[in-house]
$ cat data-v8.pdb   # PDB, C-alpha atoms
ATOM      1  CA  MET E 232      84.170  94.279 163.426
ATOM      2  CA  ARG E 233      82.002  97.100 162.133
ATOM      3  CA  ARG E 234      83.970  97.175 158.931
ATOM      4  CA  GLY E 235      83.393  93.446 158.524
ATOM      5  CA  ALA E 236      79.651  93.934 158.898
ATOM      6  CA  LEU E 237      79.678  96.750 156.352
ATOM      7  CA  LEU E 238      81.608  94.645 153.894
ATOM      8  CA  LEU E 239      79.173  91.787 154.365
ATOM      9  CA  ALA E 240      76.244  94.126 153.763
ATOM     10  CA  ALA E 241      77.869  95.466 150.612
ATOM     11  CA  LEU E 242      78.520  91.976 149.299
ATOM     12  CA  LEU E 243      74.931  90.959 150.020
ATOM     13  CA  ALA E 244      73.661  94.055 148.244
ATOM     14  CA  ALA E 245      75.847  93.299 145.238
ATOM     15  CA  GLY E 246      74.523  89.745 145.199
ATOM     16  CA  LEU E 247      70.935  90.954 145.317
ATOM     17  CA  MET E 248      71.511  93.403 142.487
ATOM     18  CA  ASP E 249      72.580  90.604 140.223
ATOM     19  CA  THR E 250      69.549  88.386 140.655
ATOM     20  CA  GLY E 251      67.571  90.233 137.993
ATOM     21  CA  ALA E 252      70.186  89.521 135.358
ATOM     22  CA  ALA E 253      70.847  85.958 136.471
ATOM     23  CA  ALA E 254      67.245  84.755 136.376
ATOM     24  CA  LYS E 255      66.660  83.710 132.801
ATOM     25  CA  ASP E 256      64.057  81.726 130.975
ATOM     26  CA  ALA E 257      65.040  78.667 129.042
ATOM     27  CA  VAL E 258      66.076  79.536 125.525
ATOM     28  CA  PRO E 259      63.442  78.498 123.020
ATOM     29  CA  MET E 260      64.912  76.082 120.505
ATOM     30  CA  GLY E 261      63.923  75.997 116.914
ATOM     31  CA  GLY E 262      61.596  73.126 116.184
ATOM     32  CA  ASP E 263      62.389  72.796 112.492
ATOM     33  CA  PRO E 264      65.885  71.403 111.781
ATOM     34  CA  ALA E 265      65.972  73.093 108.372
ATOM     35  CA  VAL E 266      65.258  76.503 109.893
ATOM     36  CA  GLU E 267      67.811  75.757 112.603
ATOM     37  CA  ALA E 268      70.479  74.883 110.029
ATOM     38  CA  ARG E 269      69.848  78.011 108.006
ATOM     39  CA  MET E 270      69.839  80.112 111.158
ATOM     40  CA  MET E 271      73.181  78.671 112.275
ATOM     41  CA  GLY E 272      74.613  79.222 108.784
ATOM     42  CA  LEU E 273      73.612  82.872 108.894
ATOM     43  CA  ALA E 274      74.586  83.357 112.509
ATOM     44  CA  SER E 275      78.077  82.015 111.921
ATOM     45  CA  GLU E 276      78.721  84.940 109.553
ATOM     46  CA  LEU E 277      77.260  87.584 111.820
ATOM     47  CA  ARG E 278      79.024  89.341 114.634
ATOM     48  CA  CYS E 279      77.715  89.398 118.144
ATOM     49  CA  LEU E 280      77.613  93.070 119.098
ATOM     50  CA  VAL E 281      78.115  92.371 122.788
ATOM     51  CA  CYS E 282      81.195  90.162 122.571
ATOM     52  CA  GLN E 283      82.598  91.508 119.367
ATOM     53  CA  ASN E 284      85.009  88.735 118.492
ATOM     54  CA  GLN E 285      82.397  86.029 118.572
ATOM     55  CA  THR E 286      79.810  85.152 116.005
ATOM     56  CA  LEU E 287      76.128  85.186 116.793
ATOM     57  CA  ALA E 288      76.247  81.406 116.524
ATOM     58  CA  ASP E 289      78.957  81.049 119.183
ATOM     59  CA  SER E 290      77.906  83.699 121.623
ATOM     60  CA  HIS E 291      76.005  83.055 124.826
ATOM     61  CA  ALA E 292      75.179  86.726 125.325
ATOM     62  CA  ASP E 293      71.512  87.518 125.921
ATOM     63  CA  LEU E 294      71.365  89.681 122.836
ATOM     64  CA  ALA E 295      72.843  86.907 120.693
ATOM     65  CA  GLN E 296      70.173  84.510 121.926
ATOM     66  CA  ASP E 297      67.484  87.077 121.171
ATOM     67  CA  LEU E 298      68.905  87.690 117.721
ATOM     68  CA  ARG E 299      69.131  83.976 116.957
ATOM     69  CA  GLN E 300      65.473  83.722 117.907
ATOM     70  CA  GLU E 301      64.695  86.733 115.735
ATOM     71  CA  ILE E 302      66.530  85.128 112.804
ATOM     72  CA  ARG E 303      64.565  81.902 113.287
ATOM     73  CA  GLU E 304      61.338  83.849 113.116
ATOM     74  CA  LEU E 305      62.447  85.862 110.098
ATOM     75  CA  ILE E 306      63.338  82.641 108.284
ATOM     76  CA  ALA E 307      60.044  81.087 109.296
ATOM     77  CA  SER E 308      58.256  84.160 107.923
ATOM     78  CA  GLY E 309      59.743  83.359 104.526
ATOM     79  CA  MET E 310      62.679  85.765 104.260
ATOM     80  CA  THR E 311      65.686  84.817 102.167
ATOM     81  CA  ASP E 312      69.157  84.782 103.726
ATOM     82  CA  ASP E 313      69.970  88.097 102.058
ATOM     83  CA  GLN E 314      66.830  89.685 103.419
ATOM     84  CA  VAL E 315      67.699  88.515 106.938
ATOM     85  CA  ARG E 316      71.184  89.979 106.592
ATOM     86  CA  ASP E 317      69.739  93.273 105.329
ATOM     87  CA  TYR E 318      67.326  93.312 108.250
ATOM     88  CA  LEU E 319      70.211  93.123 110.712
ATOM     89  CA  VAL E 320      72.392  95.592 108.792
ATOM     90  CA  GLU E 321      69.532  98.118 108.872
ATOM     91  CA  ARG E 322      69.600  97.925 112.654
ATOM     92  CA  TYR E 323      73.228  97.354 113.580
ATOM     93  CA  GLY E 324      75.178  98.524 110.527
ATOM     94  CA  ASP E 325      77.742  96.758 108.356
ATOM     95  CA  PHE E 326      79.663  95.944 111.510
ATOM     96  CA  VAL E 327      77.454  92.881 112.125
ATOM     97  CA  LEU E 328      78.721  91.303 108.923
ATOM     98  CA  TYR E 329      81.956  89.342 109.181
ATOM     99  CA  ARG E 330      82.187  89.813 105.415
ATOM    100  CA  PRO E 331      81.472  93.500 104.943
ATOM    101  CA  PRO E 332      80.271  94.662 101.516
ATOM    102  CA  TRP E 333      82.604  96.457  99.105
ATOM    103  CA  LYS E 334      81.931 100.194  99.324
ATOM    104  CA  ALA E 335      83.806 103.458  99.728
ATOM    105  CA  THR E 336      84.191 103.119 103.491
ATOM    106  CA  THR E 337      85.372  99.516 103.319
ATOM    107  CA  ALA E 338      87.593  99.821 100.221
ATOM    108  CA  LEU E 339      90.770 100.200 102.277
ATOM    109  CA  LEU E 340      89.786  97.218 104.399
ATOM    110  CA  TRP E 341      89.443  94.962 101.370
ATOM    111  CA  ALA E 342      92.233  96.402  99.223
ATOM    112  CA  GLY E 343      94.658  97.008 102.107
ATOM    113  CA  PRO E 344      96.295  93.550 102.148
ATOM    114  CA  LEU E 345      96.673  93.564  98.365
ATOM    115  CA  LEU E 346      98.187  97.059  98.458
ATOM    116  CA  LEU E 347     100.628  95.915 101.121
ATOM    117  CA  VAL E 348     101.671  92.893  99.061
ATOM    118  CA  VAL E 349     102.185  95.068  95.977
ATOM    119  CA  ALA E 350     104.153  97.662  97.968
ATOM    120  CA  GLY E 351     106.252  94.885  99.519
ATOM    121  CA  GLY E 352     106.909  93.422  96.054
ATOM    122  CA  VAL E 353     108.058  96.775  94.718
ATOM    123  CA  VAL E 354     110.406  97.302  97.662
ATOM    124  CA  LEU E 355     111.754  93.756  97.313
ATOM    125  CA  GLY E 356     112.319  94.215  93.557
ATOM    126  CA  PHE E 357     114.244  97.447  94.071
ATOM    127  CA  SER E 358     116.424  96.081  96.825
ATOM    128  CA  LEU E 359     117.231  92.900  94.858
ATOM    129  CA  ARG E 360     118.229  94.981  91.861
ATOM    130  CA  ARG E 361     120.386  97.212  93.998
ATOM    131  CA  ARG E 362     122.082  94.239  95.592
ATOM    132  CA  ARG E 363     122.873  92.730  92.240
ATOM    133  CA  ARG E 364     124.356  95.985  91.054
ATOM    134  CA  GLU E 365     126.510  96.189  94.158
ATOM    135  CA  ALA E 366     127.644  92.592  93.700
ATOM    136  CA  LEU E 367     128.685  93.391  90.136
ATOM    137  CA  GLU E 368     130.608  96.415  91.314
ATOM    138  CA  ASP E 369     132.441  94.243  93.830
ATOM    139  CA  ASP E 370     133.673  91.992  91.020
ATOM    140  CA  ALA E 371     135.694  94.835  89.472
ATOM    141  CA  PRO E 372     139.446  94.016  89.220
ATOM    142  CA  LEU E 373     141.714  95.231  91.983
ATOM    143  CA  SER E 374     143.273  98.639  91.634
ATOM    144  CA  ASP E 375     147.075  98.963  91.678
ATOM    145  CA  GLU E 376     146.993 100.205  95.227
ATOM    146  CA  GLU E 377     144.851  97.233  96.390
ATOM    147  CA  ARG E 378     147.141  94.820  94.560
ATOM    148  CA  ALA E 379     150.165  96.234  96.350
ATOM    149  CA  ARG E 380     148.452  95.944  99.723
ATOM    150  CA  LEU E 381     147.442  92.365  99.043
ATOM    151  CA  GLN E 382     150.962  91.503  98.072
ATOM    152  CA  HIS E 383     152.276  93.089 101.222
ATOM    153  CA  LEU E 384     149.822  91.133 103.423
ATOM    154  CA  LEU E 385     150.626  87.823 101.750
ATOM    155  CA  GLU E 386     154.330  88.378 102.230
ATOM    156  CA  ASP E 387     153.844  89.299 105.848
ATOM    157  CA  GLU E 388     152.085  86.022 106.493
ATOM    158  CA  LYS E 389     154.853  84.061 104.779
ATOM    159  CA  GLY E 390     157.555  85.719 106.912
ATOM    160  CA  GLU E 391     155.767  84.920 110.121
ATOM    161  CA  THR E 392     157.243  82.101 112.185
ATOM    162  CA  PRO E 393     155.276  79.990 114.576
ATOM    163  CA  PRO E 394     156.105  80.780 118.181
TER     164      PRO E 394
ATOM    165  CA  MET M1409     122.329 106.277 101.568
ATOM    166  CA  LYS M1410     121.509 108.634 104.413
ATOM    167  CA  ALA M1411     117.838 108.802 103.407
ATOM    168  CA  ARG M1412     117.615 105.015 103.368
ATOM    169  CA  GLY M1413     118.775 104.866 106.949
ATOM    170  CA  LEU M1414     115.726 106.877 107.912
ATOM    171  CA  VAL M1415     113.265 104.329 106.492
ATOM    172  CA  PRO M1416     112.951 102.216 109.659
ATOM    173  CA  LEU M1417     112.436 105.361 111.697
ATOM    174  CA  VAL M1418     109.693 106.594 109.372
ATOM    175  CA  VAL M1419     107.990 103.197 109.391
ATOM    176  CA  PHE M1420     108.197 103.138 113.178
ATOM    177  CA  VAL M1421     106.727 106.629 113.509
ATOM    178  CA  VAL M1422     103.857 105.803 111.136
ATOM    179  CA  MET M1423     103.037 102.578 112.968
ATOM    180  CA  ALA M1424     103.312 104.250 116.349
ATOM    181  CA  GLY M1425     100.939 106.915 115.048
ATOM    182  CA  PHE M1426      98.365 104.319 113.992
ATOM    183  CA  LEU M1427      98.650 102.459 117.273
ATOM    184  CA  TRP M1428      98.395 105.681 119.266
ATOM    185  CA  VAL M1429      95.178 106.636 117.494
ATOM    186  CA  GLY M1430      93.952 103.036 117.831
ATOM    187  CA  LEU M1431      94.418 103.219 121.588
ATOM    188  CA  LYS M1432      91.865 105.984 121.777
ATOM    189  CA  LEU M1433      89.264 104.422 119.511
ATOM    190  CA  ASP M1434      86.518 102.606 121.329
ATOM    191  CA  PRO M1435      85.649  99.420 119.442
ATOM    192  CA  ARG M1436      82.365  99.286 121.341
ATOM    193  CA  GLU M1437      81.162 102.423 119.642
ATOM    194  CA  VAL M1438      79.608 101.032 116.529
ATOM    195  CA  PRO M1439      78.295 103.814 114.307
ATOM    196  CA  SER M1440      74.549 103.473 114.186
ATOM    197  CA  PRO M1441      72.984 103.111 110.753
ATOM    198  CA  LEU M1442      69.859 104.688 112.238
ATOM    199  CA  ILE M1443      71.215 108.233 112.409
ATOM    200  CA  ASP M1444      69.117 110.506 110.168
ATOM    201  CA  LYS M1445      66.628 107.679 109.675
ATOM    202  CA  PRO M1446      63.075 107.672 111.022
ATOM    203  CA  ALA M1447      62.828 106.287 114.538
ATOM    204  CA  PRO M1448      61.511 102.714 114.264
ATOM    205  CA  ASP M1449      57.850 102.494 115.076
ATOM    206  CA  PHE M1450      56.475 100.686 118.098
ATOM    207  CA  SER M1451      53.404 100.607 120.243
ATOM    208  CA  LEU M1452      54.304  99.590 123.763
ATOM    209  CA  PRO M1453      52.504  99.640 127.123
ATOM    210  CA  LEU M1454      53.422 102.273 129.684
ATOM    211  CA  LEU M1455      55.261 101.146 132.784
ATOM    212  CA  ASP M1456      52.794 102.766 135.170
ATOM    213  CA  ALA M1457      49.657 102.101 133.089
ATOM    214  CA  PRO M1458      49.981  98.821 131.171
ATOM    215  CA  ASP M1459      46.667  99.381 129.416
ATOM    216  CA  ALA M1460      47.795 102.627 127.814
ATOM    217  CA  LYS M1461      50.171 102.535 124.866
ATOM    218  CA  LEU M1462      52.690 104.960 123.505
ATOM    219  CA  SER M1463      54.214 105.112 120.050
ATOM    220  CA  PRO M1464      56.724 107.535 118.487
ATOM    221  CA  ALA M1465      53.926 109.021 116.377
ATOM    222  CA  ASP M1466      52.383 110.420 119.590
ATOM    223  CA  LEU M1467      55.534 112.475 120.118
ATOM    224  CA  ARG M1468      55.594 114.129 116.702
ATOM    225  CA  GLY M1469      56.200 117.837 116.879
ATOM    226  CA  GLN M1470      58.586 117.746 119.806
ATOM    227  CA  VAL M1471      62.248 117.034 120.238
ATOM    228  CA  TRP M1472      62.715 114.208 122.720
ATOM    229  CA  LEU M1473      65.295 111.929 124.220
ATOM    230  CA  PHE M1474      64.697 108.211 124.219
ATOM    231  CA  ASN M1475      66.704 106.494 126.930
ATOM    232  CA  VAL M1476      67.018 102.720 127.011
ATOM    233  CA  TRP M1477      67.436 101.487 130.573
ATOM    234  CA  ALA M1478      66.917  98.546 132.875
ATOM    235  CA  SER M1479      67.003  98.001 136.613
ATOM    236  CA  TRP M1480      69.670  95.305 136.167
ATOM    237  CA  CYS M1481      71.965  97.691 134.328
ATOM    238  CA  VAL M1482      74.731  99.062 136.523
ATOM    239  CA  ALA M1483      75.810 101.799 134.106
ATOM    240  CA  CYS M1484      72.207 103.067 134.021
ATOM    241  CA  ARG M1485      72.471 103.895 137.691
ATOM    242  CA  GLN M1486      75.622 105.848 136.953
ATOM    243  CA  GLU M1487      73.935 108.059 134.354
ATOM    244  CA  HIS M1488      70.618 108.290 136.216
ATOM    245  CA  PRO M1489      71.351 111.460 138.251
ATOM    246  CA  LEU M1490      72.249 113.213 134.989
ATOM    247  CA  LEU M1491      68.901 112.263 133.480
ATOM    248  CA  VAL M1492      67.066 113.439 136.589
ATOM    249  CA  GLN M1493      68.907 116.741 136.398
ATOM    250  CA  LEU M1494      68.259 117.055 132.666
ATOM    251  CA  ALA M1495      64.555 116.358 133.083
ATOM    252  CA  ARG M1496      64.370 118.914 135.897
ATOM    253  CA  SER M1497      65.955 121.568 133.657
ATOM    254  CA  GLY M1498      62.980 121.226 131.309
ATOM    255  CA  GLU M1499      65.193 121.565 128.243
ATOM    256  CA  VAL M1500      64.101 118.335 126.653
ATOM    257  CA  PRO M1501      61.587 115.652 127.645
ATOM    258  CA  VAL M1502      63.091 112.242 128.345
ATOM    259  CA  TYR M1503      61.153 109.101 127.500
ATOM    260  CA  GLY M1504      62.334 105.743 128.760
ATOM    261  CA  LEU M1505      62.455 102.319 127.189
ATOM    262  CA  ASN M1506      62.562  99.758 129.939
ATOM    263  CA  TYR M1507      64.523  97.002 128.235
ATOM    264  CA  LYS M1508      64.176  93.320 129.160
ATOM    265  CA  ASP M1509      63.182  94.075 132.718
ATOM    266  CA  THR M1510      60.305  93.250 135.018
ATOM    267  CA  ILE M1511      57.676  95.815 135.913
ATOM    268  CA  PRO M1512      58.090  95.482 139.716
ATOM    269  CA  ALA M1513      61.878  95.794 139.494
ATOM    270  CA  ALA M1514      61.642  98.781 137.148
ATOM    271  CA  THR M1515      59.013 100.540 139.261
ATOM    272  CA  ASP M1516      61.004  99.925 142.411
ATOM    273  CA  TRP M1517      64.140 101.286 140.749
ATOM    274  CA  LEU M1518      62.401 104.522 139.728
ATOM    275  CA  ASP M1519      60.914 104.905 143.225
ATOM    276  CA  ARG M1520      64.345 104.568 144.694
ATOM    277  CA  PHE M1521      66.437 106.708 142.363
ATOM    278  CA  GLY M1522      63.896 109.198 141.034
ATOM    279  CA  ASN M1523      61.875 109.205 137.844
ATOM    280  CA  PRO M1524      63.173 111.535 135.126
ATOM    281  CA  TYR M1525      60.919 110.072 132.444
ATOM    282  CA  ALA M1526      57.891 111.828 130.995
ATOM    283  CA  ALA M1527      56.804 108.234 130.322
ATOM    284  CA  THR M1528      58.461 104.857 130.260
ATOM    285  CA  VAL M1529      57.419 102.147 127.842
ATOM    286  CA  VAL M1530      58.012  98.472 128.544
ATOM    287  CA  ASP M1531      59.965  96.323 126.113
ATOM    288  CA  ALA M1532      59.939  93.096 128.068
ATOM    289  CA  ASP M1533      61.216  90.775 125.340
ATOM    290  CA  GLY M1534      63.655  93.249 123.769
ATOM    291  CA  ARG M1535      61.973  93.288 120.362
ATOM    292  CA  VAL M1536      61.870  97.057 120.080
ATOM    293  CA  GLY M1537      65.447  97.106 121.338
ATOM    294  CA  ILE M1538      66.434  95.055 118.310
ATOM    295  CA  ASP M1539      64.624  97.492 115.998
ATOM    296  CA  TYR M1540      66.599 100.319 117.568
ATOM    297  CA  GLY M1541      69.858  98.423 117.264
ATOM    298  CA  VAL M1542      70.353  98.307 121.034
ATOM    299  CA  TYR M1543      73.261  96.095 122.024
ATOM    300  CA  GLY M1544      74.288  97.508 125.356
ATOM    301  CA  VAL M1545      72.204  99.360 127.884
ATOM    302  CA  PRO M1546      72.103 102.280 128.442
ATOM    303  CA  GLU M1547      71.699 103.851 125.041
ATOM    304  CA  THR M1548      70.103 107.202 124.342
ATOM    305  CA  TYR M1549      68.586 108.554 121.144
ATOM    306  CA  LEU M1550      67.777 112.151 120.301
ATOM    307  CA  ILE M1551      64.717 112.312 118.064
ATOM    308  CA  ASP M1552      63.554 115.448 116.295
ATOM    309  CA  LYS M1553      60.116 116.903 115.601
ATOM    310  CA  GLU M1554      59.690 114.848 112.441
ATOM    311  CA  GLY M1555      60.533 111.654 114.265
ATOM    312  CA  THR M1556      64.056 111.349 112.842
ATOM    313  CA  ILE M1557      66.907 110.031 114.960
ATOM    314  CA  ARG M1558      69.565 112.740 115.118
ATOM    315  CA  PHE M1559      72.040 111.410 117.642
ATOM    316  CA  LYS M1560      72.757 108.218 119.509
ATOM    317  CA  GLN M1561      74.779 107.822 122.655
ATOM    318  CA  ILE M1562      76.032 104.324 123.304
ATOM    319  CA  GLY M1563      76.731 103.714 126.963
ATOM    320  CA  PRO M1564      76.023 106.092 129.826
ATOM    321  CA  LEU M1565      75.517 109.786 129.192
ATOM    322  CA  THR M1566      78.186 112.064 130.574
ATOM    323  CA  PRO M1567      77.961 115.732 131.578
ATOM    324  CA  VAL M1568      80.220 116.564 128.620
ATOM    325  CA  VAL M1569      77.997 114.788 126.081
ATOM    326  CA  ILE M1570      74.894 116.471 127.486
ATOM    327  CA  GLU M1571      76.430 119.972 127.571
ATOM    328  CA  LYS M1572      78.487 119.835 124.395
ATOM    329  CA  THR M1573      76.403 117.676 122.080
ATOM    330  CA  ILE M1574      72.856 116.987 123.198
ATOM    331  CA  LEU M1575      71.727 120.371 124.497
ATOM    332  CA  PRO M1576      73.152 122.380 121.562
ATOM    333  CA  LEU M1577      71.458 119.933 119.171
ATOM    334  CA  VAL M1578      68.181 120.190 121.069
ATOM    335  CA  ARG M1579      68.297 124.002 120.867
ATOM    336  CA  GLU M1580      69.143 123.857 117.176
ATOM    337  CA  LEU M1581      66.319 121.415 116.446
ATOM    338  CA  ASN M1582      63.842 123.462 118.462
ATOM    339  CA  ALA M1583      64.813 126.734 116.810
TER     340      ALA M1583
END
$ encode --input "data-v8.pdb" --output "C-alpha cells"
Amino acid sequence: MRRGALLLAALLAAGLMDTGAAAKDAVPMGGDPAVEARMMGLASELRCLVCQNQTLADSHADLAQDLRQEIRELIASGMTDDQVRDYLVERYGDFVLYRPPWKATTALLWAGPLLLVVAGGVVLGFSLRRRRREALEDDAPLSDEERARLQHLLEDEKGETPP
Amino acid sequence: MKARGLVPLVVFVVMAGFLWVGLKLDPREVPSPLIDKPAPDFSLPLLDAPDAKLSPADLRGQVWLFNVWASWCVACRQEHPLLVQLARSGEVPVYGLNYKDTIPAATDWLDRFGNPYAATVVDADGRVGIDYGVYGVPETYLIDKEGTIRFKQIGPLTPVVIEKTILPLVRELNA
C-alpha cells in the first residue's frame, strides 16, 4: 500500500516536471508566401541538430521551429540564401548542411564512393583476367596419363551390366 | 593462392575495426565551429534583476564558464551538483544562461537545488542560444580573458571532464 502511494507520488512529480516543456505558444507562421517558400527550400537542405536525420523543414523539434523562424526573419531582412546558410554554418558548423562543402575534412566523404567504385573496378578487372587465363589453361590437350585414365573409365562403363 | 584466401579475413577485420570505432563515436557531439572564436555578443537581463543587463564584454579579463540550463531540462539537474561544487571551489566563476524558460520556474529551481551562478542571464526566446549554436541543453562554454571560446561541453558536465579538461585549461588560461 505504501509502495503504491510512493509510486503514485513519483508519477505525479514526473508529470509536474514535464509541464514546463509541454506548454508551448503557437508557432508563428510566415505571412509572406514567397518568404515561406524560400524558407522551406532552405530548410529542406539543412539538418535539424536535435533529431539528426530530419531536415529543419520536417522536424517538429523546438529548436527547428525557432530556426525556421530565424530563417524567415533573416530572409525578410534581405539576406540571400547563401548568406542564410553561412549564418547557420557559423553557429552550428558544416554539419547543418545536408550538402557539405568540398574541403580537406570532407574530401573523403565526397570522393569515398568514387574511390570505392574505382577500387571495385580494378579488382573486377584483375579477377576477370585471371579467370580467362585459367579457362585458357583448362583448354590444353589431355596429357598421355589423362588420356589413359579416360579410356579406362569409358571402358569400365561399357563393361557394366544393368542389375 | 594462400594470400588470396586471406582477403575476406582482412576485409572483415578492417570493417569490424571501423564499426568498433563507430560504436564509440557519439553522433550527437557536433564539433562546434565557435571554438577559438570570440564569444557571440549579447546583452541580456539578469534572472534576479530584470532591469540590469549583462554582456560578455563585462566579463573581459577573467576566465569564466558559461552554462546553458533550463528548469525543464532533466540532464541539467544531473550536472547541477557538479556546478555547485565547482562554484564553491572558487576555481572559476560560472555564469548561467537560462534558456527558453520562465523566470518563476528558473528562480524556483535555483532555490531548490542551489545557485552556483555568479549571475544568470535570461534568454527567454532562445535567440542567444542560436548565436551560441546551442542545440541541446545543457551546454557549457569555457571563455578566456579575451572573450574567446576555448572549450565547449555538449550535454551534462561530468567529474572527469571537469577534472581532466576544464580545470587544467582554466589554470593554463589564468597563468
$ residues_around --input "data-v8.pdb" --residues "stretch 1463-1469 of chain M" --least-positions-apart "6" --cutoff "9 Å" --atoms "only C-alpha atoms" --output "list of chain:residue names"
M:Ala1447, M:Pro1448, M:Asp1449, M:Phe1450, M:Ser1451, M:Leu1452, M:Val1529, M:Asp1552, M:Lys1553, M:Glu1554, M:Gly1555
$ axis_aligned_box --input "data-v8.pdb" --around "stretch 1469-1488 of chain M" --padding-each-side "8 Å" --output "JSON"
{"center_x": 66.0, "center_y": 106.6, "center_z": 127.3, "size_x": 35.6, "size_y": 38.5, "size_z": 36.8}
$ resolve_selection --input "data-v8.pdb" --expression "the PyMOL selection byres ((chain M and resi 1574) around 10)" --output "list in words"
Leu1473, Val1500, Tyr1549, Leu1550, Arg1558, Phe1559, Lys1560, Gln1561, Leu1565, Pro1567, Val1568, Val1569, Ile1570, Glu1571, Lys1572, Thr1573, Leu1575, Pro1576, Leu1577, Val1578, Arg1579 and Glu1580 of chain M
$ interface_residues --input "data-v8.pdb" --of "chain M" --to "chain E" --cutoff "8 Å" --atoms "only C-alpha atoms" --output "PyMOL selection string"
chain M and resi 1438-1442+1479-1480+1509+1534+1538-1541+1543-1544
$ write_last_selection --input "data-v8.pdb" --atoms "C-alpha atoms" --output "PDB file, keeping the file's coordinate frame"
ATOM      1  CA  VAL M1438      79.608 101.032 116.529  1.00  0.00           C
ATOM      2  CA  PRO M1439      78.295 103.814 114.307  1.00  0.00           C
ATOM      3  CA  SER M1440      74.549 103.473 114.186  1.00  0.00           C
ATOM      4  CA  PRO M1441      72.984 103.111 110.753  1.00  0.00           C
ATOM      5  CA  LEU M1442      69.859 104.688 112.238  1.00  0.00           C
ATOM      6  CA  SER M1479      67.003  98.001 136.613  1.00  0.00           C
ATOM      7  CA  TRP M1480      69.670  95.305 136.167  1.00  0.00           C
ATOM      8  CA  ASP M1509      63.182  94.075 132.718  1.00  0.00           C
ATOM      9  CA  GLY M1534      63.655  93.249 123.769  1.00  0.00           C
ATOM     10  CA  ILE M1538      66.434  95.055 118.310  1.00  0.00           C
ATOM     11  CA  ASP M1539      64.624  97.492 115.998  1.00  0.00           C
ATOM     12  CA  TYR M1540      66.599 100.319 117.568  1.00  0.00           C
ATOM     13  CA  GLY M1541      69.858  98.423 117.264  1.00  0.00           C
ATOM     14  CA  TYR M1543      73.261  96.095 122.024  1.00  0.00           C
ATOM     15  CA  GLY M1544      74.288  97.508 125.356  1.00  0.00           C
TER      16      GLY M1544
END
$ resolve_selection --input "data-v8.pdb" --expression "the PyMOL selection byres ((chain E and resi 330) around 10)" --output "PyMOL selection string"
chain E and resi 276-278+325-329+331-333+341
$ residues_around --input "data-v8.pdb" --residues "E:Leu273" --least-positions-apart "2" --cutoff "9 Å" --atoms "all atoms listed in the file" --output "list in words"
Ala268, Arg269, Met270, Met271, Ser275, Glu276, Leu277, Leu287, Ala288, Ile302, Asp312, Val315 and Arg316 of chain E
$ residues_around --input "data-v8.pdb" --residues "stretch 1514-1523 of chain M" --least-positions-apart "3" --cutoff "12 Å" --atoms "all atoms listed in the file" --output "PyMOL selection string"
(chain E and resi 248+251) or (chain M and resi 1454-1457+1477-1482+1484-1496+1502-1511+1526-1532)
$ atom_distance --input "data-v8.pdb" --atom1 "atom CA of E:Glu304" --atom2 "atom CA of M:Pro1458"
26.1 Å
$ atom_distance --input "data-v8.pdb" --atom1 "atom CA of M:Asn1475" --atom2 "atom CA of M:Glu1499"
15.2 Å
$ decode --input "data-v8.pdb" --residues "stretch 342-354 of chain E" --atoms "N, CA and C atoms" --output "mmCIF file, in the first residue's frame"
data_model
loop_
_atom_site.group_PDB
_atom_site.id
_atom_site.type_symbol
_atom_site.label_atom_id
_atom_site.label_comp_id
_atom_site.auth_asym_id
_atom_site.auth_seq_id
_atom_site.Cartn_x
_atom_site.Cartn_y
_atom_site.Cartn_z
ATOM 1 N N ALA E 342 34.743 11.945 -52.054
ATOM 2 C CA ALA E 342 35.470 11.111 -53.008
ATOM 3 C C ALA E 342 35.328 9.634 -52.674
ATOM 4 N N GLY E 343 34.927 9.328 -51.435
ATOM 5 C CA GLY E 343 34.859 7.934 -50.984
ATOM 6 C C GLY E 343 34.114 7.008 -51.940
ATOM 7 N N PRO E 344 32.867 7.326 -52.302
ATOM 8 C CA PRO E 344 32.122 6.427 -53.192
ATOM 9 C C PRO E 344 32.830 6.213 -54.523
ATOM 10 N N LEU E 345 33.391 7.297 -55.071
ATOM 11 C CA LEU E 345 34.104 7.176 -56.349
ATOM 12 C C LEU E 345 35.319 6.269 -56.197
ATOM 13 N N LEU E 346 36.069 6.475 -55.089
ATOM 14 C CA LEU E 346 37.239 5.632 -54.831
ATOM 15 C C LEU E 346 36.831 4.171 -54.733
ATOM 16 N N LEU E 347 35.711 3.921 -54.062
ATOM 17 C CA LEU E 347 35.253 2.540 -53.909
ATOM 18 C C LEU E 347 34.902 1.932 -55.259
ATOM 19 N N VAL E 348 34.234 2.712 -56.113
ATOM 20 C CA VAL E 348 33.870 2.209 -57.437
ATOM 21 C C VAL E 348 35.132 1.885 -58.236
ATOM 22 N N VAL E 349 36.114 2.809 -58.190
ATOM 23 C CA VAL E 349 37.355 2.580 -58.927
ATOM 24 C C VAL E 349 38.061 1.331 -58.389
ATOM 25 N N ALA E 350 38.158 1.222 -57.058
ATOM 26 C CA ALA E 350 38.825 0.063 -56.464
ATOM 27 C C ALA E 350 38.092 -1.218 -56.855
ATOM 28 N N GLY E 351 36.756 -1.172 -56.821
ATOM 29 C CA GLY E 351 35.965 -2.343 -57.210
ATOM 30 C C GLY E 351 36.217 -2.708 -58.665
ATOM 31 N N GLY E 352 36.314 -1.686 -59.536
ATOM 32 C CA GLY E 352 36.568 -1.925 -60.957
ATOM 33 C C GLY E 352 37.910 -2.595 -61.175
ATOM 34 N N VAL E 353 38.915 -2.116 -60.437
ATOM 35 C CA VAL E 353 40.257 -2.697 -60.578
ATOM 36 C C VAL E 353 40.233 -4.166 -60.156
ATOM 37 N N VAL E 354 39.614 -4.433 -59.014
ATOM 38 C CA VAL E 354 39.537 -5.816 -58.526
ATOM 39 C C VAL E 354 38.787 -6.689 -59.530
#
